[in-house]
Amino acid sequence: MFEQITLWSQQATTREDSPTIGKVLLSLDGEVVFYKGFFSNDESDKFFDKLHHETEWQQETIQIFGKCTPLPRLTAWYGDPGKTYIYSGIEQHSKPWTPTLLSIKTRIEKIAKVEFNSVLLNLYRHGRDGVAWHSDDEPELGQNPVIGSVSFGATRRFSFRHKQMKERKIDIDLPHGSFLLMRGETQHHWQHQIPKTTKDVSPRINLTFRIIH
Ligand SMILES: O=C(O)CCC(=O)C(=O)O
Ligand SMILES: [Mn+2]
């Protein structure tokens, strides 16, 4: 316990220009730390290209008012064998880890101090793709999930809003090679989204590493 607190306070400074020293974005009703430039520009270019081509992207659909509607992004689910994840009524069975995903996972685990067993990938093809307000609070993620979120490609806005105190909002731009760590009670008290934009933006890939129980 003591060691955990020490490690946390070492990382959680206000610098945002170091790959391994994070900026605390949120410390009320949860913990969110942002690591800008966590991956170098060259590494990030390579990861983006590999993930773009290697990933078995799927177009999932959800029912809205009884109508089958495509999600405004492509998705993929990878992880340890047998990990199944259900969100918005979509059941995802994990595909086996690839070397690319494992090398990203190993890097962020050094900071997150947990072992992730699965990852949800999102491909935002353009500004008309996004993800609506939600919390990562599915029962299989457990009580206070640790979520490690890595972004490659175009910078997109990421917003938090407090569930009870609606005026509390935090916006952050997530650039190429950044890492955002959410933990503690974050998913109980806050929702997040990637808003759609009319701006002309190139593709972005996001990976949210998770622990499925
Ligand atoms: O694209 C992002 O940064 C967030 C994705 C997300 O919230 C999710 O997949 O649950
Ligand atoms: Mn989410």
# chains A, B, ... in the order shown; residues from 1 in each chain; ligands from 1
>>> closest_atom_pairs(of="stretch 22-66 of chain A", to="stretch 174-180 of chain A", cutoff="7 Å", atoms="only C-alpha atoms", output="tab-separated table")
residue	atom	partner	partner_atom	distance
A:Val33	CA	A:Leu180	CA	5.8
A:Phe34	CA	A:Leu180	CA	4.6
A:Tyr35	CA	A:Phe179	CA	5.0
A:Lys36	CA	A:Ser178	CA	4.6
A:Gly37	CA	A:Ser178	CA	5.1
A:Phe38	CA	A:Ser178	CA	5.2
A:Phe39	CA	A:Gly177	CA	4.7
A:Ser40	CA	A:Gly177	CA	6.5
A:Asn41	CA	A:Gly177	CA	6.8
A:Ser44	CA	A:Gly177	CA	5.2
>>> closest_atom_pairs(of="stretch 29-58 of chain A", to="stretch 70-92 of chain A", cutoff="9 Å", atoms="only C-alpha atoms", output="tab-separated table")
residue	atom	partner	partner_atom	distance
A:Thr55	CA	A:Ala76	CA	7.2
A:Glu56	CA	A:Ala76	CA	6.4
A:Trp57	CA	A:Ala76	CA	5.3
A:Gln58	CA	A:Thr75	CA	5.3
>>> write_last_selection(atoms="N, CA and C atoms", output="PDB file, in the first residue's frame")
ATOM      1  N   THR A  55      -5.031  -4.768 -37.864  1.00  0.00           N
ATOM      2  CA  THR A  55      -6.212  -5.008 -37.025  1.00  0.00           C
ATOM      3  C   THR A  55      -7.394  -5.508 -37.858  1.00  0.00           C
ATOM      4  N   GLU A  56      -8.097  -6.484 -37.308  1.00  0.00           N
ATOM      5  CA  GLU A  56      -9.318  -6.978 -37.985  1.00  0.00           C
ATOM      6  C   GLU A  56     -10.488  -6.092 -37.561  1.00  0.00           C
ATOM      7  N   TRP A  57     -10.593  -4.954 -38.224  1.00  0.00           N
ATOM      8  CA  TRP A  57     -11.620  -3.959 -37.864  1.00  0.00           C
ATOM      9  C   TRP A  57     -13.012  -4.476 -38.206  1.00  0.00           C
ATOM     10  N   GLN A  58     -13.952  -4.161 -37.335  1.00  0.00           N
ATOM     11  CA  GLN A  58     -15.338  -4.581 -37.582  1.00  0.00           C
ATOM     12  C   GLN A  58     -16.275  -3.384 -37.513  1.00  0.00           C
TER      13      GLN A  58
END
>>> residues_near_ligand(ligand="ligand 1", cutoff="7 Å", atoms="only C-alpha atoms and all ligand atoms", output="PDB file with C-alpha atoms, in the first residue's frame")
ATOM      1  CA  LEU A 120     -10.722  -2.526 -27.212  1.00  0.00           C
ATOM      2  CA  LEU A 121      -9.530  -0.729 -30.345  1.00  0.00           C
ATOM      3  CA  ASN A 122     -11.451   2.089 -32.006  1.00  0.00           C
ATOM      4  CA  VAL A 131     -18.128   7.951 -29.203  1.00  0.00           C
ATOM      5  CA  ASP A 136     -16.552   2.248 -18.789  1.00  0.00           C
ATOM      6  CA  SER A 149      -5.975   4.563 -23.125  1.00  0.00           C
ATOM      7  CA  SER A 151      -3.958   7.288 -28.975  1.00  0.00           C
ATOM      8  CA  PHE A 158     -11.768  13.973 -25.210  1.00  0.00           C
ATOM      9  CA  HIS A 192     -16.462  10.643 -21.205  1.00  0.00           C
ATOM     10  CA  GLN A 193     -16.912  11.112 -24.951  1.00  0.00           C
ATOM     11  CA  ILE A 194     -15.103  11.789 -28.212  1.00  0.00           C
ATOM     12  CA  ASN A 206      -7.469   4.542 -29.819  1.00  0.00           C
ATOM     13  CA  THR A 208      -8.287   1.102 -24.255  1.00  0.00           C
TER      14      THR A 208
END
>>> select_by_dssp(residues="chain A", states="alpha helix (DSSP H)", output="JSON, numbers by chain")
{"A": [2, 3, 4, 5, 6, 7, 8, 9, 10, 11, 41, 42, 43, 44, 45, 46, 47, 48, 49, 50, 51, 52, 53, 54, 99, 100, 101, 102, 103, 104, 105, 106, 107, 108, 109, 110, 111, 112, 186, 187, 188, 189]}
>>> write_last_selection(atoms="N, CA and C atoms", output="CSV table (one decimal), in the first residue's frame")
chain,number,residue,atom,x,y,z
A,2,PHE,N,1.9,1.3,0.9
A,2,PHE,CA,2.8,2.4,1.0
A,2,PHE,C,3.5,2.6,-0.3
A,3,GLU,N,3.9,1.5,-0.9
A,3,GLU,CA,4.7,1.6,-2.1
A,3,GLU,C,3.8,2.1,-3.2
A,4,GLN,N,2.6,1.7,-3.3
A,4,GLN,CA,1.7,2.2,-4.3
A,4,GLN,C,1.5,3.7,-4.2
A,5,ILE,N,1.3,4.2,-3.0
A,5,ILE,CA,1.1,5.7,-2.8
A,5,ILE,C,2.4,6.4,-3.3
A,6,THR,N,3.5,5.9,-2.9
A,6,THR,CA,4.8,6.5,-3.3
A,6,THR,C,4.9,6.6,-4.8
A,7,LEU,N,4.7,5.5,-5.4
A,7,LEU,CA,4.8,5.4,-6.9
A,7,LEU,C,3.9,6.4,-7.5
A,8,TRP,N,2.7,6.5,-7.0
A,8,TRP,CA,1.6,7.3,-7.6
A,8,TRP,C,2.1,8.8,-7.5
A,9,SER,N,2.5,9.2,-6.3
A,9,SER,CA,2.8,10.6,-6.1
A,9,SER,C,4.1,11.0,-6.9
A,10,GLN,N,5.0,10.0,-7.2
A,10,GLN,CA,6.1,10.4,-8.0
A,10,GLN,C,5.7,10.7,-9.4
A,11,GLN,N,4.7,9.9,-9.9
A,11,GLN,CA,4.3,10.2,-11.3
A,11,GLN,C,3.4,11.4,-11.5
A,41,ASN,N,7.5,10.2,-31.6
A,41,ASN,CA,6.8,10.4,-32.8
A,41,ASN,C,7.1,9.3,-33.8
A,42,ASP,N,8.3,8.8,-33.9
A,42,ASP,CA,8.7,7.8,-34.8
A,42,ASP,C,7.9,6.5,-34.5
A,43,GLU,N,8.0,6.1,-33.2
A,43,GLU,CA,7.3,4.9,-32.7
A,43,GLU,C,5.8,5.0,-33.0
A,44,SER,N,5.3,6.2,-32.7
A,44,SER,CA,3.8,6.4,-32.9
A,44,SER,C,3.4,6.2,-34.4
A,45,ASP,N,4.3,6.7,-35.3
A,45,ASP,CA,4.0,6.6,-36.7
A,45,ASP,C,3.9,5.1,-37.1
A,46,LYS,N,4.9,4.3,-36.5
A,46,LYS,CA,5.0,2.9,-36.8
A,46,LYS,C,3.8,2.2,-36.2
A,47,PHE,N,3.5,2.5,-35.0
A,47,PHE,CA,2.3,1.8,-34.4
A,47,PHE,C,1.0,2.1,-35.1
A,48,PHE,N,0.9,3.4,-35.5
A,48,PHE,CA,-0.3,3.7,-36.2
A,48,PHE,C,-0.5,2.9,-37.5
A,49,ASP,N,0.6,2.8,-38.3
A,49,ASP,CA,0.5,2.1,-39.6
A,49,ASP,C,0.3,0.6,-39.4
A,50,LYS,N,1.0,0.1,-38.4
A,50,LYS,CA,0.8,-1.4,-38.1
A,50,LYS,C,-0.6,-1.7,-37.7
A,51,LEU,N,-1.1,-0.9,-36.7
A,51,LEU,CA,-2.5,-1.1,-36.2
A,51,LEU,C,-3.5,-0.9,-37.3
A,52,HIS,N,-3.3,0.1,-38.1
A,52,HIS,CA,-4.3,0.4,-39.1
A,52,HIS,C,-4.4,-0.8,-40.1
A,53,HIS,N,-3.3,-1.4,-40.4
A,53,HIS,CA,-3.3,-2.5,-41.4
A,53,HIS,C,-3.5,-3.9,-40.8
A,54,GLU,N,-3.0,-4.1,-39.6
A,54,GLU,CA,-3.0,-5.5,-39.0
A,54,GLU,C,-4.4,-5.8,-38.4
A,99,PRO,N,2.0,-9.2,-31.7
A,99,PRO,CA,3.2,-8.6,-31.1
A,99,PRO,C,3.1,-7.1,-31.0
A,100,THR,N,2.4,-6.4,-31.9
A,100,THR,CA,2.3,-5.0,-31.9
A,100,THR,C,1.5,-4.6,-30.6
A,101,LEU,N,0.4,-5.3,-30.4
A,101,LEU,CA,-0.4,-4.9,-29.2
A,101,LEU,C,0.3,-5.3,-27.9
A,102,LEU,N,1.1,-6.4,-27.9
A,102,LEU,CA,1.8,-6.8,-26.7
A,102,LEU,C,2.9,-5.7,-26.4
A,103,SER,N,3.5,-5.2,-27.4
A,103,SER,CA,4.6,-4.3,-27.1
A,103,SER,C,4.0,-2.9,-26.5
A,104,ILE,N,2.9,-2.5,-27.0
A,104,ILE,CA,2.2,-1.3,-26.4
A,104,ILE,C,1.8,-1.6,-25.0
A,105,LYS,N,1.2,-2.8,-24.8
A,105,LYS,CA,0.7,-3.2,-23.5
A,105,LYS,C,1.8,-3.2,-22.4
A,106,THR,N,3.0,-3.8,-22.8
A,106,THR,CA,4.1,-3.9,-21.9
A,106,THR,C,4.6,-2.5,-21.4
A,107,ARG,N,4.6,-1.6,-22.4
A,107,ARG,CA,5.1,-0.2,-22.1
A,107,ARG,C,4.2,0.5,-21.1
A,108,ILE,N,2.8,0.4,-21.3
A,108,ILE,CA,2.0,1.1,-20.4
A,108,ILE,C,1.8,0.4,-19.0
A,109,GLU,N,2.0,-0.9,-19.0
A,109,GLU,CA,1.9,-1.6,-17.7
A,109,GLU,C,3.0,-1.1,-16.7
A,110,LYS,N,4.1,-0.7,-17.2
A,110,LYS,CA,5.2,-0.2,-16.3
A,110,LYS,C,4.7,1.0,-15.6
A,111,ILE,N,3.8,1.8,-16.1
A,111,ILE,CA,3.3,3.0,-15.5
A,111,ILE,C,2.0,2.7,-14.7
A,112,ALA,N,1.2,1.9,-15.3
A,112,ALA,CA,-0.1,1.6,-14.7
A,112,ALA,C,0.0,0.7,-13.5
A,186,THR,N,-13.2,6.9,-11.0
A,186,THR,CA,-13.5,7.7,-12.2
A,186,THR,C,-14.8,7.3,-12.9
A,187,GLN,N,-14.9,6.0,-13.1
A,187,GLN,CA,-16.1,5.5,-13.9
A,187,GLN,C,-17.4,5.5,-13.2
A,188,HIS,N,-17.4,5.7,-11.8
A,188,HIS,CA,-18.6,5.8,-11.1
A,188,HIS,C,-19.2,7.2,-11.2
A,189,HIS,N,-18.2,8.2,-11.2
A,189,HIS,CA,-18.7,9.6,-11.1
A,189,HIS,C,-18.6,10.4,-12.4
>>> closest_residue(among="A:Met182, A:Ile170, A:Ile212, A:Cys68", to="ligand 2", atoms="only C-alpha atoms and all ligand atoms")
A:Met182
